[in-house]
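Data file: final13.cif. Format and content: mmCIF, C-alpha atoms.
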```
data_query
loop_
_atom_site.group_PDB
_atom_site.id
_atom_site.type_symbol
_atom_site.label_atom_id
_atom_site.label_comp_id
_atom_site.auth_asym_id
_atom_site.auth_seq_id
_atom_site.Cartn_x
_atom_site.Cartn_y
_atom_site.Cartn_z
ATOM 1 C CA MET J 10 3.966 -18.682 -8.758
ATOM 2 C CA LYS J 11 1.561 -20.760 -10.851
ATOM 3 C CA SER J 12 0.137 -17.681 -12.570
ATOM 4 C CA THR J 13 2.304 -16.333 -15.385
ATOM 5 C CA ILE J 14 3.037 -12.974 -16.961
ATOM 6 C CA LYS J 15 4.181 -11.802 -20.390
ATOM 7 C CA LYS J 16 5.363 -8.337 -21.363
ATOM 8 C CA ILE J 17 3.535 -7.222 -24.523
ATOM 9 C CA THR J 18 4.610 -3.574 -24.925
ATOM 10 C CA THR J 19 7.382 -1.253 -23.767
ATOM 11 C CA ILE J 20 6.565 0.721 -20.618
ATOM 12 C CA ASN J 21 6.118 4.416 -21.416
ATOM 13 C CA THR J 22 7.242 6.389 -18.372
ATOM 14 C CA ASP J 23 6.381 9.713 -20.070
ATOM 15 C CA LYS J 24 2.671 9.233 -19.361
ATOM 16 C CA GLU J 25 1.168 12.501 -18.066
ATOM 17 C CA GLU J 26 -1.693 12.612 -15.574
ATOM 18 C CA ILE J 27 -2.796 14.962 -12.806
ATOM 19 C CA ILE J 28 -4.676 13.375 -9.897
ATOM 20 C CA LYS J 29 -7.178 15.885 -8.506
ATOM 21 C CA SER J 30 -9.057 13.668 -6.056
ATOM 22 C CA LEU J 31 -8.217 10.600 -4.006
ATOM 23 C CA ARG J 32 -9.985 7.257 -4.021
ATOM 24 C CA VAL J 33 -10.365 6.011 -0.465
ATOM 25 C CA ASP J 34 -11.237 2.473 0.650
ATOM 26 C CA HIS J 35 -12.311 2.974 4.259
ATOM 27 C CA GLN J 36 -11.553 -0.615 5.258
ATOM 28 C CA ILE J 37 -7.982 -0.309 3.971
ATOM 29 C CA VAL J 38 -7.666 3.033 5.769
ATOM 30 C CA GLN J 39 -8.761 1.338 8.998
ATOM 31 C CA LEU J 40 -6.099 -1.346 8.493
ATOM 32 C CA HIS J 41 -3.457 1.354 7.961
ATOM 33 C CA PHE J 42 -4.694 3.216 11.048
ATOM 34 C CA LYS J 43 -4.471 0.093 13.198
ATOM 35 C CA ARG J 44 -0.956 -0.671 11.951
ATOM 36 C CA LEU J 45 0.239 2.905 12.504
ATOM 37 C CA SER J 46 -1.282 3.054 15.993
ATOM 38 C CA GLU J 47 0.553 -0.138 16.963
ATOM 39 C CA LEU J 48 3.837 0.960 15.405
ATOM 40 C CA PHE J 49 3.821 4.566 16.674
ATOM 41 C CA LYS J 50 2.332 4.114 20.135
ATOM 42 C CA ASN J 51 3.730 7.412 21.443
ATOM 43 C CA ASP J 52 2.306 9.538 18.613
ATOM 44 C CA THR J 53 -0.657 11.844 19.134
ATOM 45 C CA PRO J 54 -3.875 11.239 17.145
ATOM 46 C CA GLU J 55 -2.949 14.244 14.965
ATOM 47 C CA GLN J 56 0.458 12.737 14.161
ATOM 48 C CA ILE J 57 -1.127 9.381 13.304
ATOM 49 C CA SER J 58 -3.657 11.197 11.116
ATOM 50 C CA ARG J 59 -0.904 12.983 9.183
ATOM 51 C CA LYS J 60 0.955 9.704 8.612
ATOM 52 C CA LEU J 61 -2.314 8.124 7.469
ATOM 53 C CA GLN J 62 -2.960 10.945 4.998
ATOM 54 C CA ASN J 63 0.537 10.533 3.568
ATOM 55 C CA ILE J 64 -0.088 6.813 3.050
ATOM 56 C CA VAL J 65 -3.447 7.443 1.336
ATOM 57 C CA VAL J 66 -1.859 10.045 -0.962
ATOM 58 C CA ARG J 67 1.059 7.761 -1.840
ATOM 59 C CA ASP J 68 -1.290 4.797 -2.401
ATOM 60 C CA ASN J 69 -3.321 6.823 -4.893
ATOM 61 C CA LEU J 70 -0.225 7.971 -6.755
ATOM 62 C CA PHE J 71 1.154 4.429 -6.805
ATOM 63 C CA ASN J 72 -2.174 2.949 -7.966
ATOM 64 C CA ALA J 73 -2.363 5.420 -10.861
ATOM 65 C CA ILE J 74 1.144 4.417 -11.913
ATOM 66 C CA MET J 75 0.390 0.697 -11.571
ATOM 67 C CA GLU J 76 -2.705 1.037 -13.774
ATOM 68 C CA GLU J 77 -0.420 2.387 -16.488
ATOM 69 C CA VAL J 78 2.286 -0.247 -15.954
ATOM 70 C CA VAL J 79 -0.086 -3.232 -15.908
ATOM 71 C CA ARG J 80 -1.366 -2.316 -19.389
ATOM 72 C CA ASN J 81 2.023 -3.424 -20.725
ATOM 73 C CA PHE J 82 1.644 -7.000 -19.455
ATOM 74 C CA GLU J 83 -0.570 -9.980 -20.112
ATOM 75 C CA VAL J 84 -1.320 -12.135 -17.058
ATOM 76 C CA THR J 85 -2.572 -15.715 -17.152
ATOM 77 C CA TYR J 86 -4.121 -16.543 -13.789
ATOM 78 C CA ASP J 87 -4.102 -19.931 -12.109
ATOM 79 C CA ASP J 88 -7.558 -20.564 -10.615
ATOM 80 C CA GLU J 89 -6.247 -22.414 -7.568
ATOM 81 C CA GLU J 90 -3.773 -19.637 -6.854
ATOM 82 C CA ILE J 91 -6.566 -17.065 -7.003
ATOM 83 C CA LYS J 92 -8.595 -19.118 -4.492
ATOM 84 C CA THR J 93 -5.600 -19.458 -2.150
ATOM 85 C CA VAL J 94 -4.859 -15.719 -2.178
ATOM 86 C CA ALA J 95 -8.561 -14.866 -1.813
ATOM 87 C CA GLN J 96 -8.852 -17.099 1.259
ATOM 88 C CA ARG J 97 -5.879 -15.315 2.794
ATOM 89 C CA LEU J 98 -7.535 -11.946 2.161
ATOM 90 C CA THR J 99 -10.964 -12.871 3.518
ATOM 91 C CA SER J 100 -10.118 -12.038 7.137
ATOM 92 C CA GLN J 101 -8.855 -8.568 6.130
ATOM 93 C CA PHE J 102 -11.859 -7.762 3.935
ATOM 94 C CA SER J 103 -14.634 -9.527 5.822
ATOM 95 C CA ASN J 104 -17.299 -7.020 4.756
ATOM 96 C CA LYS J 105 -16.613 -7.365 1.034
ATOM 97 C CA LYS J 106 -18.414 -9.720 -1.340
ATOM 98 C CA PRO J 107 -16.550 -12.856 -2.536
ATOM 99 C CA GLU J 108 -16.347 -11.561 -6.105
ATOM 100 C CA VAL J 109 -14.714 -8.340 -4.871
ATOM 101 C CA ILE J 110 -12.177 -10.319 -2.835
ATOM 102 C CA THR J 111 -11.437 -12.390 -5.949
ATOM 103 C CA GLU J 112 -10.664 -9.203 -7.894
ATOM 104 C CA ILE J 113 -8.392 -8.015 -5.074
ATOM 105 C CA ALA J 114 -6.632 -11.401 -5.159
ATOM 106 C CA LYS J 115 -6.015 -10.961 -8.891
ATOM 107 C CA LYS J 116 -4.509 -7.527 -8.248
ATOM 108 C CA VAL J 117 -2.217 -8.979 -5.568
ATOM 109 C CA ILE J 118 -1.036 -11.690 -7.969
ATOM 110 C CA THR J 119 -0.585 -9.173 -10.784
ATOM 111 C CA LYS J 120 1.460 -6.832 -8.616
ATOM 112 C CA THR J 121 3.710 -9.688 -7.461
ATOM 113 C CA LEU J 122 4.351 -10.839 -11.033
ATOM 114 C CA VAL J 123 4.901 -7.305 -12.358
ATOM 115 C CA PHE J 124 7.319 -6.515 -9.528
ATOM 116 C CA GLU J 125 9.281 -9.689 -10.269
ATOM 117 C CA GLU J 126 9.616 -8.589 -13.897
ATOM 118 C CA LEU J 127 10.606 -5.020 -12.988
ATOM 119 C CA ALA J 128 13.169 -6.229 -10.439
ATOM 120 C CA LYS J 129 14.845 -8.246 -13.216
ATOM 121 C CA GLU J 130 14.565 -5.533 -15.879
ATOM 122 C CA TRP J 131 15.809 -2.731 -13.624
ATOM 123 C CA ASN J 132 18.292 -4.916 -11.725
ATOM 124 C CA ILE J 133 16.816 -4.048 -8.314
ATOM 125 C CA THR J 134 17.934 -6.222 -5.409
ATOM 126 C CA VAL J 135 18.141 -6.151 -1.603
ATOM 127 C CA SER J 136 21.338 -7.528 -0.066
ATOM 128 C CA ASP J 137 21.647 -9.443 3.209
ATOM 129 C CA GLN J 138 23.472 -6.423 4.617
ATOM 130 C CA GLU J 139 20.576 -4.127 3.771
ATOM 131 C CA VAL J 140 18.146 -6.475 5.539
ATOM 132 C CA ASN J 141 20.393 -6.659 8.605
ATOM 133 C CA ASP J 142 20.788 -2.869 8.664
ATOM 134 C CA SER J 143 17.014 -2.461 8.471
ATOM 135 C CA LEU J 144 16.500 -4.909 11.333
ATOM 136 C CA GLU J 145 19.068 -3.068 13.461
ATOM 137 C CA GLN J 146 17.268 0.222 12.774
ATOM 138 C CA TYR J 147 13.980 -1.384 13.763
ATOM 139 C CA TYR J 148 15.526 -2.617 17.020
ATOM 140 C CA LYS J 149 16.833 0.867 17.861
ATOM 141 C CA PHE J 150 13.438 2.368 17.093
ATOM 142 C CA SER J 151 11.182 -0.168 18.813
ATOM 143 C CA ASN J 152 13.472 -2.003 21.264
ATOM 144 C CA GLN J 153 11.764 -5.190 20.043
ATOM 145 C CA SER J 154 13.764 -8.389 19.585
ATOM 146 C CA ILE J 155 14.962 -8.992 16.021
ATOM 147 C CA ARG J 156 16.523 -12.388 16.758
ATOM 148 C CA PRO J 157 13.510 -14.337 15.346
ATOM 149 C CA TYR J 158 14.003 -12.575 11.998
ATOM 150 C CA LYS J 159 17.722 -13.300 11.931
ATOM 151 C CA GLU J 160 17.369 -16.934 12.919
ATOM 152 C CA ASP J 161 14.331 -17.821 10.766
ATOM 153 C CA LYS J 162 15.141 -17.830 7.035
ATOM 154 C CA ASN J 163 11.485 -17.393 6.023
ATOM 155 C CA LYS J 164 11.058 -14.331 8.250
ATOM 156 C CA PHE J 165 14.382 -12.909 7.041
ATOM 157 C CA GLU J 166 13.290 -13.360 3.418
ATOM 158 C CA GLY J 167 9.937 -11.807 4.277
ATOM 159 C CA ILE J 168 11.731 -8.624 5.345
ATOM 160 C CA ARG J 169 13.798 -8.721 2.148
ATOM 161 C CA ASN J 170 10.601 -8.962 0.058
ATOM 162 C CA VAL J 171 9.041 -5.981 1.847
ATOM 163 C CA MET J 172 12.193 -3.923 1.256
ATOM 164 C CA LEU J 173 12.330 -4.995 -2.391
ATOM 165 C CA GLU J 174 8.717 -3.913 -2.900
ATOM 166 C CA GLU J 175 9.532 -0.545 -1.339
ATOM 167 C CA LYS J 176 12.512 -0.095 -3.663
ATOM 168 C CA ILE J 177 10.491 -0.951 -6.753
ATOM 169 C CA SER J 178 7.611 1.316 -5.648
ATOM 170 C CA ASN J 179 10.011 4.225 -5.141
ATOM 171 C CA GLU J 180 11.586 3.594 -8.556
ATOM 172 C CA LEU J 181 8.159 3.549 -10.219
ATOM 173 C CA ILE J 182 7.229 6.863 -8.610
ATOM 174 C CA ARG J 183 10.603 8.322 -9.636
ATOM 175 C CA ARG J 184 10.307 7.177 -13.250
ATOM 176 C CA PHE J 185 6.662 8.189 -13.665
ATOM 177 C CA SER J 186 7.319 11.739 -12.495
ATOM 178 C CA LYS J 187 4.739 13.153 -14.938
ATOM 179 C CA ILE J 188 1.940 11.373 -13.085
ATOM 180 C CA ARG J 189 1.493 13.769 -10.216
ATOM 181 C CA LEU J 190 -0.901 15.058 -7.600
ATOM 182 C CA ASP J 191 -2.833 18.327 -7.584
ATOM 183 C CA HIS J 192 -2.054 19.039 -3.922
ATOM 184 C CA GLU J 193 -4.398 22.031 -3.709
ATOM 185 C CA SER J 194 -7.402 20.010 -4.889
ATOM 186 C CA ILE J 195 -6.484 17.136 -2.575
ATOM 187 C CA LYS J 196 -6.117 19.521 0.365
ATOM 188 C CA LYS J 197 -9.652 20.766 -0.289
ATOM 189 C CA GLN J 198 -10.886 17.170 -0.456
ATOM 190 C CA PHE J 199 -9.358 16.411 2.967
ATOM 191 C CA GLU J 200 -10.795 19.629 4.435
ATOM 192 C CA GLU J 201 -14.266 18.783 3.105
ATOM 193 C CA ALA J 202 -14.039 15.236 4.491
ATOM 194 C CA ALA J 203 -12.953 16.602 7.892
ATOM 195 C CA ARG J 204 -15.860 19.087 7.857
ATOM 196 C CA ARG J 205 -18.388 16.339 7.108
ATOM 197 C CA GLN J 206 -16.886 14.178 9.835
ATOM 198 C CA LYS J 207 -17.247 16.984 12.413
ATOM 199 C CA GLU J 208 -20.836 17.610 11.342
ATOM 200 C CA ALA J 209 -21.652 13.916 11.666
ATOM 201 C CA GLU J 210 -20.087 13.768 15.134
ATOM 202 C CA ALA J 211 -21.939 16.907 16.239
ATOM 203 C CA GLU J 212 -25.223 15.478 14.935
ATOM 204 C CA LYS J 213 -24.564 12.184 16.740
ATOM 205 C CA THR J 214 -23.824 14.029 20.006
ATOM 206 C CA ALA J 215 -26.950 16.181 19.688
ATOM 207 C CA SER J 216 -29.071 13.111 18.984
ATOM 208 C CA ALA J 217 -27.687 11.342 22.052
ATOM 209 C CA GLN J 218 -28.406 14.359 24.220
ATOM 210 C CA ASN J 219 -32.009 14.579 22.939
ATOM 211 C CA ASN J 220 -32.560 10.881 23.691
ATOM 212 C CA HIS J 221 -31.546 11.441 27.309
ATOM 213 C CA LYS J 222 -34.034 14.271 27.846
#
```

Written as structure tokens, how would this file's structure read?
Amino acid sequence: MKSTIKKITTINTDKEEIIKSLRVDHQIVQLHFKRLSELFKNDTPEQISRKLQNIVVRDNLFNAIMEEVVRNFEVTYDDEEIKTVAQRLTSQFSNKKPEVITEIAKKVITKTLVFEELAKEWNITVSDQEVNDSLEQYYKFSNQSIRPYKEDKNKFEGIRNVMLEEKISNELIRRFSKIRLDHESIKKQFEEAARRQKEAEAEKTASAQNNHK
């Protein structure tokens, strides 16, 4: 990458924090929902919803950890690299302002650079065998052809990168065990959101019925 990173302090994994409410970006949630619906076509809406909730919860925990980790690094951004990443993100975040997409691009670059540093420091790797095993599991699960991934080096390396990110994310969550979720408060937040959603749907239905009278 053209952007660079420098570690300025030692990462303190003893940081304590209790997360009592979740931050939710509805556009990202919609992207997750679409991906889950395509991947788990035989799941019921309730099953998809539970998987989606788990992703939102994990994302919030991971983001809290990353905020702490990033403080230990100094990033020098390359302007052209920011523009390139922002252009790639525009289609995903079409309803966001350009300056917001630019900030998201910076976060993507930062995460990539931080993960590269952590992979080196913690000696985290993904072997060819692990990639092949993952592809075989995917084939058994989906019955989709995995030959393109085995025959195309770029696609094969893409899978390796995804698996490496997952390993590093899991290690971060393991090491920062004192940053945790208040599950009771979060449960109440989900229940309140579900209640408001039902009320909005009921109001929409009632309004439609009144318009047809």

#### Entry: Hits from the PyMOL selection byres ((chain J and resi 135) around 9), listed as an NGL selection string
:J and (133-134 or 136-140 or 169-170 or 172-173 or 176)

### Message
Can you tell me which residues surround Phe102 in chain J at a distance of at most 10 Å, considering only C-alpha atoms, apart from same-chain residues fewer than 4 positions away, and format the answer as JSON, numbers by chain?
### Response
{"J": [36, 37, 40, 95, 97, 98, 106, 107, 109, 110, 113]}

### Query
Excluding same-chain residues fewer than 4 positions from Ser46 in chain J, what lies within 12 Å of it counting only C-alpha atoms, as a VMD selection string?
chain J and resid 39 to 42 50 to 58 60 to 61

#### Entry: Near-range 84-87 of chain J list (12 Å; all atoms listed in the file; drop same-chain fewer than 5 positions) as a PyMOL selection string
chain J and resi 10-17+79+92-94+111-112+114-123+126

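Note that the spacing between CA of Phe185 in chain J and CA of Asp23 in chain J amounts to 6.6 Å.
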
### Task
Could you please determine the separation between CA of Glu212 in chain J and CA of Glu200 in chain J in Å, to one decimal place?
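Taking CA of Glu212 in chain J as the start and CA of Glu200 in chain J as the end point, the length is 18.3 Å.
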
### Selection: 12 Å around Ile28 in chain J, only C-alpha atoms, excl. self and same-chain fewer than 2 positions, as a list in words
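Residues meeting the cut-off are Glu25, Glu26, Ser30, Leu31, Arg32, Val66, Arg67, Asp68, Asn69, Leu70, Phe71, Asn72, Ala73, Ile74, Lys187, Ile188, Arg189, Leu190, Asp191, His192, Glu193, Ser194, Ile195 and Gln198 of chain J.
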
### Query
Between CA of Ile177 in chain J and CA of Asp88 in chain J, what is the spacing in Å?
26.9 Å

### Task
Decode the PyMOL selection byres ((chain J and resi 155) around 12) for the given file into explicit residues and return them as a PyMOL selection string.
chain J and resi 140-154+156-161+164-165+168
